[in-house]
Each structure stands twice: as structure tokens, then as C-alpha cells.
Amino acid sequence: MGTHLITGAGSGIGAAVARRLAERGENLWLLARHAVRAKELAEQFPGARTLVGDLAHPEKLSWAFGQQPLPDRLDSLVHSAGVIELGAVGDLPAKAWQRQLAANLVAPAELTRMLLPLVRVAKGHVVFVNSGAGLSARAEWGAYAASKHGLKALADALRAEEHDNGVRVTSVYPGRTATPMQESTHRQEGKEYDPARWIDPESVATAILTAIDLPRDAEINDVSVRPGR
């Protein structure tokens, strides 16, 4: 049984990954932004351990983790949490940029920094759930896309740095996926949301687990998952 830490496990892609790993009997550690959310995750995934840390404030994560027990090793660290605020560059205020950069880029970097020794012990895997916006930017998506382009750079640098330590790094670029974040995105776009049009989170989870389960002689660096309907 492996040990896996997942952010964003409460819904969407993160929940699908956590559910699949739990069904396999793996050990789960799930990040929650506060104690109430941690209790909810523990009820959602019986047997899982929780850690409390707010990704909106990455500068406080080190202190928060210093007050809580951590696993001895991590076979995977799956970054699945994220936030999105659409708006034109000419309209979006600095705080909107800062919120997205903090949660989508700086927090994954800080979590990785703190937990990397545990991943090295296991010669484990770091998975960044990126976005199609991490490869190209459209109008109104500038801040979110910038945070995701930065996440790609983070993953690429980490892969080069940790290859000799046996740590694998994968970026996953899902297209529109039927998640609560996608529903929020549709509201911001003023569009009707039909989850049947988009990728099932379970399909993205399959791609993530394929990367994690790949034999050690190979590594999936980048994988794009696009809507098939």
C-alpha cells in the first residue's frame, strides 16, 4: 500500500483520485483549508488522515504543518486544488491576480518544498493537475492562465531537479471537466452549464493513476485530456 497526499479531494478530480486510491486500500492524507472541512473529508473518506492548511495563504503553510503530524513517506503528492476568477486584463484588480497566483502556483510550490523530502524517501511522484489554460490563454482568462503557465514551469523545473533522486513529475492538462469549478466558470462566463457535455472527473483520475502506476522504467511528463464528446 502506498501513501498519497491530495489537495482538492473534496470534489471534482481530487475526489475522484482519492476515491480510486481508497478503493485500492492505499493510505490517504487529505489537505483541508480548516478544521470543519477536515472533519467533512474524514467522513467522506473513512480511514483517511487529514492535514489543515489554507492554500490561499501559502506563507502560513509551514507553520500550520509544524503543528501537525506528517506521514513518514509519500508515494505521491497530487496537487488538485485550484481557484478561478475570470476577467479582462484591463479590468481584473491586483487582488484577483494575487488570489489565483497564491492558490494555483505559490501554494503548490510551497507544499512541494515542504513535502519533497518525504517524496524522495519513497522515490515517489508529484502530480500537478494543470489545465488547458496552462498551455494557451484566451480573452478573460489571463490571470488564471498565467497561474497555470507558472505551474507548468514549476513542474518542468522540479522534474529536472529531482530526476536523479528518483522522483517523477507529471503535469496533467484537463479540458473542461464536469466539476464544481467548471460550474462556477460557466456562471462567470454567463453560460448554461451542462455537465454531460464535459469530461467526467473519473476519466482524468484514470489518466493520473496511469501516470502514478507506470513501471519505474518510464515517466509520463505531460498528458492532455480533452473532451471526447
# chains A, B, ... in the order shown; residues from 1 in each chain; ligands from 1
$ residues_around --residues "Asp164 of chain A" --least-positions-apart "4" --cutoff "12 Å" --atoms "only C-alpha atoms" --output "list in words"
Arg120, Lys123, Leu158, Arg159, Ala160 and Arg168 of chain A
$ closest_atom_pairs --of "segment 111-211 of chain A" --to "segment 12-33 of chain A" --cutoff "8 Å" --atoms "only C-alpha atoms" --output "JSON lines"
{"residue": "A:Ala178", "atom": "CA", "partner": "A:Gly12", "partner_atom": "CA", "distance": 7.3}
{"residue": "A:Thr179", "atom": "CA", "partner": "A:Gly12", "partner_atom": "CA", "distance": 4.7}
{"residue": "A:Pro180", "atom": "CA", "partner": "A:Gly12", "partner_atom": "CA", "distance": 6.7}
{"residue": "A:Met181", "atom": "CA", "partner": "A:Gly12", "partner_atom": "CA", "distance": 8.0}
{"residue": "A:Pro201", "atom": "CA", "partner": "A:Ile13", "partner_atom": "CA", "distance": 4.8}
{"residue": "A:Glu202", "atom": "CA", "partner": "A:Ala16", "partner_atom": "CA", "distance": 5.6}
{"residue": "A:Val204", "atom": "CA", "partner": "A:Ile13", "partner_atom": "CA", "distance": 6.6}
{"residue": "A:Ala205", "atom": "CA", "partner": "A:Val17", "partner_atom": "CA", "distance": 5.1}
{"residue": "A:Thr206", "atom": "CA", "partner": "A:Val17", "partner_atom": "CA", "distance": 7.9}
{"residue": "A:Ile208", "atom": "CA", "partner": "A:Val17", "partner_atom": "CA", "distance": 7.7}
{"residue": "A:Leu209", "atom": "CA", "partner": "A:Val17", "partner_atom": "CA", "distance": 7.6}
$ write_last_selection --atoms "all heavy atoms" --output "PDB file, in the first residue's frame"
ATOM      1  N   ALA A 178     -16.408  18.119 -15.745  1.00  0.00           N
ATOM      2  CA  ALA A 178     -17.660  18.332 -15.013  1.00  0.00           C
ATOM      3  C   ALA A 178     -17.403  18.364 -13.506  1.00  0.00           C
ATOM      4  O   ALA A 178     -17.546  17.363 -12.805  1.00  0.00           O
ATOM      5  CB  ALA A 178     -18.660  17.234 -15.365  1.00  0.00           C
ATOM      6  N   THR A 179     -17.024  19.515 -13.008  1.00  0.00           N
ATOM      7  CA  THR A 179     -16.691  19.718 -11.603  1.00  0.00           C
ATOM      8  C   THR A 179     -17.380  20.984 -11.098  1.00  0.00           C
ATOM      9  O   THR A 179     -17.840  21.817 -11.891  1.00  0.00           O
ATOM     10  CB  THR A 179     -15.175  19.892 -11.422  1.00  0.00           C
ATOM     11  OG1 THR A 179     -14.773  21.127 -12.058  1.00  0.00           O
ATOM     12  CG2 THR A 179     -14.395  18.728 -12.021  1.00  0.00           C
ATOM     13  N   PRO A 180     -17.432  21.177  -9.778  1.00  0.00           N
ATOM     14  CA  PRO A 180     -17.972  22.434  -9.253  1.00  0.00           C
ATOM     15  C   PRO A 180     -17.228  23.659  -9.770  1.00  0.00           C
ATOM     16  O   PRO A 180     -17.831  24.717  -9.979  1.00  0.00           O
ATOM     17  CB  PRO A 180     -17.809  22.268  -7.738  1.00  0.00           C
ATOM     18  CG  PRO A 180     -17.901  20.792  -7.518  1.00  0.00           C
ATOM     19  CD  PRO A 180     -17.205  20.184  -8.694  1.00  0.00           C
ATOM     20  N   MET A 181     -15.908  23.543 -10.001  1.00  0.00           N
ATOM     21  CA  MET A 181     -15.168  24.678 -10.558  1.00  0.00           C
ATOM     22  C   MET A 181     -15.670  25.014 -11.961  1.00  0.00           C
ATOM     23  O   MET A 181     -15.781  26.194 -12.329  1.00  0.00           O
ATOM     24  CB  MET A 181     -13.669  24.387 -10.603  1.00  0.00           C
ATOM     25  CG  MET A 181     -12.865  25.515 -11.235  1.00  0.00           C
ATOM     26  SD  MET A 181     -11.099  25.179 -11.381  1.00  0.00           S
ATOM     27  CE  MET A 181     -10.574  25.589  -9.726  1.00  0.00           C
ATOM     28  N   PRO A 201     -14.845  13.563 -14.216  1.00  0.00           N
ATOM     29  CA  PRO A 201     -13.632  13.579 -13.386  1.00  0.00           C
ATOM     30  C   PRO A 201     -12.965  12.216 -13.267  1.00  0.00           C
ATOM     31  O   PRO A 201     -11.736  12.135 -13.114  1.00  0.00           O
ATOM     32  CB  PRO A 201     -14.142  14.076 -12.023  1.00  0.00           C
ATOM     33  CG  PRO A 201     -15.356  14.870 -12.339  1.00  0.00           C
ATOM     34  CD  PRO A 201     -15.991  14.202 -13.519  1.00  0.00           C
ATOM     35  N   GLU A 202     -13.757  11.145 -13.340  1.00  0.00           N
ATOM     36  CA  GLU A 202     -13.188   9.798 -13.257  1.00  0.00           C
ATOM     37  C   GLU A 202     -12.220   9.535 -14.410  1.00  0.00           C
ATOM     38  O   GLU A 202     -11.240   8.795 -14.251  1.00  0.00           O
ATOM     39  CB  GLU A 202     -14.302   8.749 -13.265  1.00  0.00           C
ATOM     40  CG  GLU A 202     -15.187   8.766 -12.034  1.00  0.00           C
ATOM     41  CD  GLU A 202     -14.473   8.247 -10.791  1.00  0.00           C
ATOM     42  OE1 GLU A 202     -13.443   7.562 -10.930  1.00  0.00           O
ATOM     43  OE2 GLU A 202     -14.961   8.518  -9.677  1.00  0.00           O
ATOM     44  N   VAL A 204     -10.259  11.789 -15.878  1.00  0.00           N
ATOM     45  CA  VAL A 204      -9.000  12.456 -15.547  1.00  0.00           C
ATOM     46  C   VAL A 204      -8.267  11.673 -14.458  1.00  0.00           C
ATOM     47  O   VAL A 204      -7.042  11.530 -14.498  1.00  0.00           O
ATOM     48  CB  VAL A 204      -9.238  13.910 -15.115  1.00  0.00           C
ATOM     49  CG1 VAL A 204      -7.907  14.610 -14.854  1.00  0.00           C
ATOM     50  CG2 VAL A 204     -10.031  14.669 -16.170  1.00  0.00           C
ATOM     51  N   ALA A 205      -9.023  11.156 -13.490  1.00  0.00           N
ATOM     52  CA  ALA A 205      -8.411  10.332 -12.444  1.00  0.00           C
ATOM     53  C   ALA A 205      -7.717   9.118 -13.044  1.00  0.00           C
ATOM     54  O   ALA A 205      -6.636   8.721 -12.589  1.00  0.00           O
ATOM     55  CB  ALA A 205      -9.468   9.895 -11.430  1.00  0.00           C
ATOM     56  N   THR A 206      -8.310   8.532 -14.067  1.00  0.00           N
ATOM     57  CA  THR A 206      -7.685   7.394 -14.733  1.00  0.00           C
ATOM     58  C   THR A 206      -6.332   7.790 -15.328  1.00  0.00           C
ATOM     59  O   THR A 206      -5.351   7.038 -15.220  1.00  0.00           O
ATOM     60  CB  THR A 206      -8.602   6.844 -15.841  1.00  0.00           C
ATOM     61  OG1 THR A 206      -9.792   6.334 -15.240  1.00  0.00           O
ATOM     62  CG2 THR A 206      -7.922   5.733 -16.626  1.00  0.00           C
ATOM     63  N   ILE A 208      -4.380  10.196 -14.295  1.00  0.00           N
ATOM     64  CA  ILE A 208      -3.458  10.437 -13.180  1.00  0.00           C
ATOM     65  C   ILE A 208      -2.934   9.122 -12.614  1.00  0.00           C
ATOM     66  O   ILE A 208      -1.724   8.953 -12.391  1.00  0.00           O
ATOM     67  CB  ILE A 208      -4.147  11.273 -12.089  1.00  0.00           C
ATOM     68  CG1 ILE A 208      -4.405  12.692 -12.609  1.00  0.00           C
ATOM     69  CG2 ILE A 208      -3.314  11.313 -10.808  1.00  0.00           C
ATOM     70  CD1 ILE A 208      -5.306  13.522 -11.719  1.00  0.00           C
ATOM     71  N   LEU A 209      -3.826   8.167 -12.405  1.00  0.00           N
ATOM     72  CA  LEU A 209      -3.396   6.883 -11.848  1.00  0.00           C
ATOM     73  C   LEU A 209      -2.531   6.112 -12.831  1.00  0.00           C
ATOM     74  O   LEU A 209      -1.626   5.369 -12.419  1.00  0.00           O
ATOM     75  CB  LEU A 209      -4.614   6.060 -11.441  1.00  0.00           C
ATOM     76  CG  LEU A 209      -5.409   6.621 -10.251  1.00  0.00           C
ATOM     77  CD1 LEU A 209      -6.621   5.752  -9.955  1.00  0.00           C
ATOM     78  CD2 LEU A 209      -4.532   6.727  -9.014  1.00  0.00           C
TER      79      LEU A 209
END
$ atom_distance --atom1 "atom CA of Gly10 of chain A" --atom2 "atom CA of Glu40 of chain A"
8.4 Å
$ closest_residue --among "A:His79, A:Arg138, A:Arg113, A:Arg197" --to "Ser171 of chain A" --atoms "only C-alpha atoms"
A:His79
$ residues_around --residues "Phe65 of chain A" --least-positions-apart "5" --cutoff "9 Å" --atoms "only C-alpha atoms" --output "list in words"
Leu51, Val52, Gly53, Lys60, Leu70 and Met114 of chain A
$ write_last_selection --atoms "N, CA and C atoms" --output "PDB file, in the first residue's frame"
ATOM      1  N   LEU A  51      -4.843  16.848   6.971  1.00  0.00           N
ATOM      2  CA  LEU A  51      -3.968  17.942   7.359  1.00  0.00           C
ATOM      3  C   LEU A  51      -4.712  19.243   7.109  1.00  0.00           C
ATOM      4  N   VAL A  52      -4.498  20.220   7.961  1.00  0.00           N
ATOM      5  CA  VAL A  52      -5.165  21.509   7.808  1.00  0.00           C
ATOM      6  C   VAL A  52      -4.148  22.553   7.371  1.00  0.00           C
ATOM      7  N   GLY A  53      -4.467  23.216   6.263  1.00  0.00           N
ATOM      8  CA  GLY A  53      -3.617  24.288   5.751  1.00  0.00           C
ATOM      9  C   GLY A  53      -4.366  25.021   4.648  1.00  0.00           C
ATOM     10  N   LYS A  60       1.699  30.734   5.283  1.00  0.00           N
ATOM     11  CA  LYS A  60       1.368  30.198   6.603  1.00  0.00           C
ATOM     12  C   LYS A  60       1.402  28.669   6.644  1.00  0.00           C
ATOM     13  N   LEU A  70       2.972  14.420  10.272  1.00  0.00           N
ATOM     14  CA  LEU A  70       3.063  14.205   8.840  1.00  0.00           C
ATOM     15  C   LEU A  70       3.363  12.735   8.571  1.00  0.00           C
ATOM     16  N   MET A 114       7.974  21.704   1.118  1.00  0.00           N
ATOM     17  CA  MET A 114       7.908  21.133   2.458  1.00  0.00           C
ATOM     18  C   MET A 114       7.843  19.604   2.455  1.00  0.00           C
TER      19      MET A 114
END
$ select_by_dssp --residues "segment 53-210 of chain A" --states "strand (DSSP E)" --output "JSON, numbers by chain"
{"A": [76, 77, 78, 79, 125, 126, 127, 128, 129, 168, 169, 170, 171, 172, 173, 174]}
$ residues_around --residues "Thr112 of chain A" --least-positions-apart "2" --cutoff "10 Å" --atoms "only C-alpha atoms" --output "CSV table (one decimal) with C-alpha atoms, in the first residue's frame"
chain,number,residue,atom,x,y,z
A,77,LEU,CA,1.7,14.2,-3.9
A,78,VAL,CA,-1.3,15.2,-6.1
A,79,HIS,CA,-2.0,18.9,-6.4
A,106,VAL,CA,2.7,29.6,-4.9
A,107,ALA,CA,0.8,27.1,-2.6
A,108,PRO,CA,1.8,24.1,-4.8
A,109,ALA,CA,5.4,25.3,-4.8
A,110,GLU,CA,5.4,25.7,-1.0
A,114,MET,CA,7.9,21.1,2.5
A,115,LEU,CA,6.9,17.6,1.5
A,116,LEU,CA,9.7,16.8,-1.1
A,117,PRO,CA,11.9,15.0,1.5
A,118,LEU,CA,9.0,12.6,2.1
A,119,VAL,CA,8.6,12.1,-1.7
A,126,VAL,CA,4.4,14.7,-7.8
A,154,LEU,CA,7.3,24.7,-11.7
A,158,LEU,CA,11.1,20.2,-10.4
$ select_by_dssp --residues "segment 57-200 of chain A" --states "helix (DSSP H, G or I)" --output "VMD selection string"
chain A and resid 58 to 66 94 to 122 132 to 134 142 to 165 180 to 189 195 to 197
$ residues_around --residues "Tyr144 of chain A" --least-positions-apart "6" --cutoff "8 Å" --atoms "only C-alpha atoms" --output "mmCIF file with C-alpha atoms, in the first residue's frame"
data_model
loop_
_atom_site.group_PDB
_atom_site.id
_atom_site.type_symbol
_atom_site.label_atom_id
_atom_site.label_comp_id
_atom_site.auth_asym_id
_atom_site.auth_seq_id
_atom_site.Cartn_x
_atom_site.Cartn_y
_atom_site.Cartn_z
ATOM 1 C CA ILE A 84 -10.511 30.651 -10.978
ATOM 2 C CA GLU A 85 -11.616 34.262 -11.424
ATOM 3 C CA LEU A 86 -12.215 35.375 -14.987
ATOM 4 C CA TRP A 97 -4.374 38.052 -9.588
ATOM 5 C CA GLN A 100 -5.144 32.917 -8.143
ATOM 6 C CA LEU A 101 -1.367 33.019 -8.096
ATOM 7 C CA ALA A 133 -5.268 27.169 -19.857
#
$ atom_distance --atom1 "atom CA of Ala103 of chain A" --atom2 "atom CA of Leu55 of chain A"
5.1 Å
$ closest_residue --among "A:Val121, A:Ala102, A:Ala207, A:Ala64" --to "Val225 of chain A" --atoms "only C-alpha atoms"
A:Ala207
$ closest_residue --among "A:Glu219, A:Glu140, A:Arg229, A:Ala122" --to "Ala88 of chain A" --atoms "only C-alpha atoms"
A:Glu140
$ atom_distance --atom1 "atom CA of Val172 of chain A" --atom2 "atom CA of Ala81 of chain A"
13.0 Å
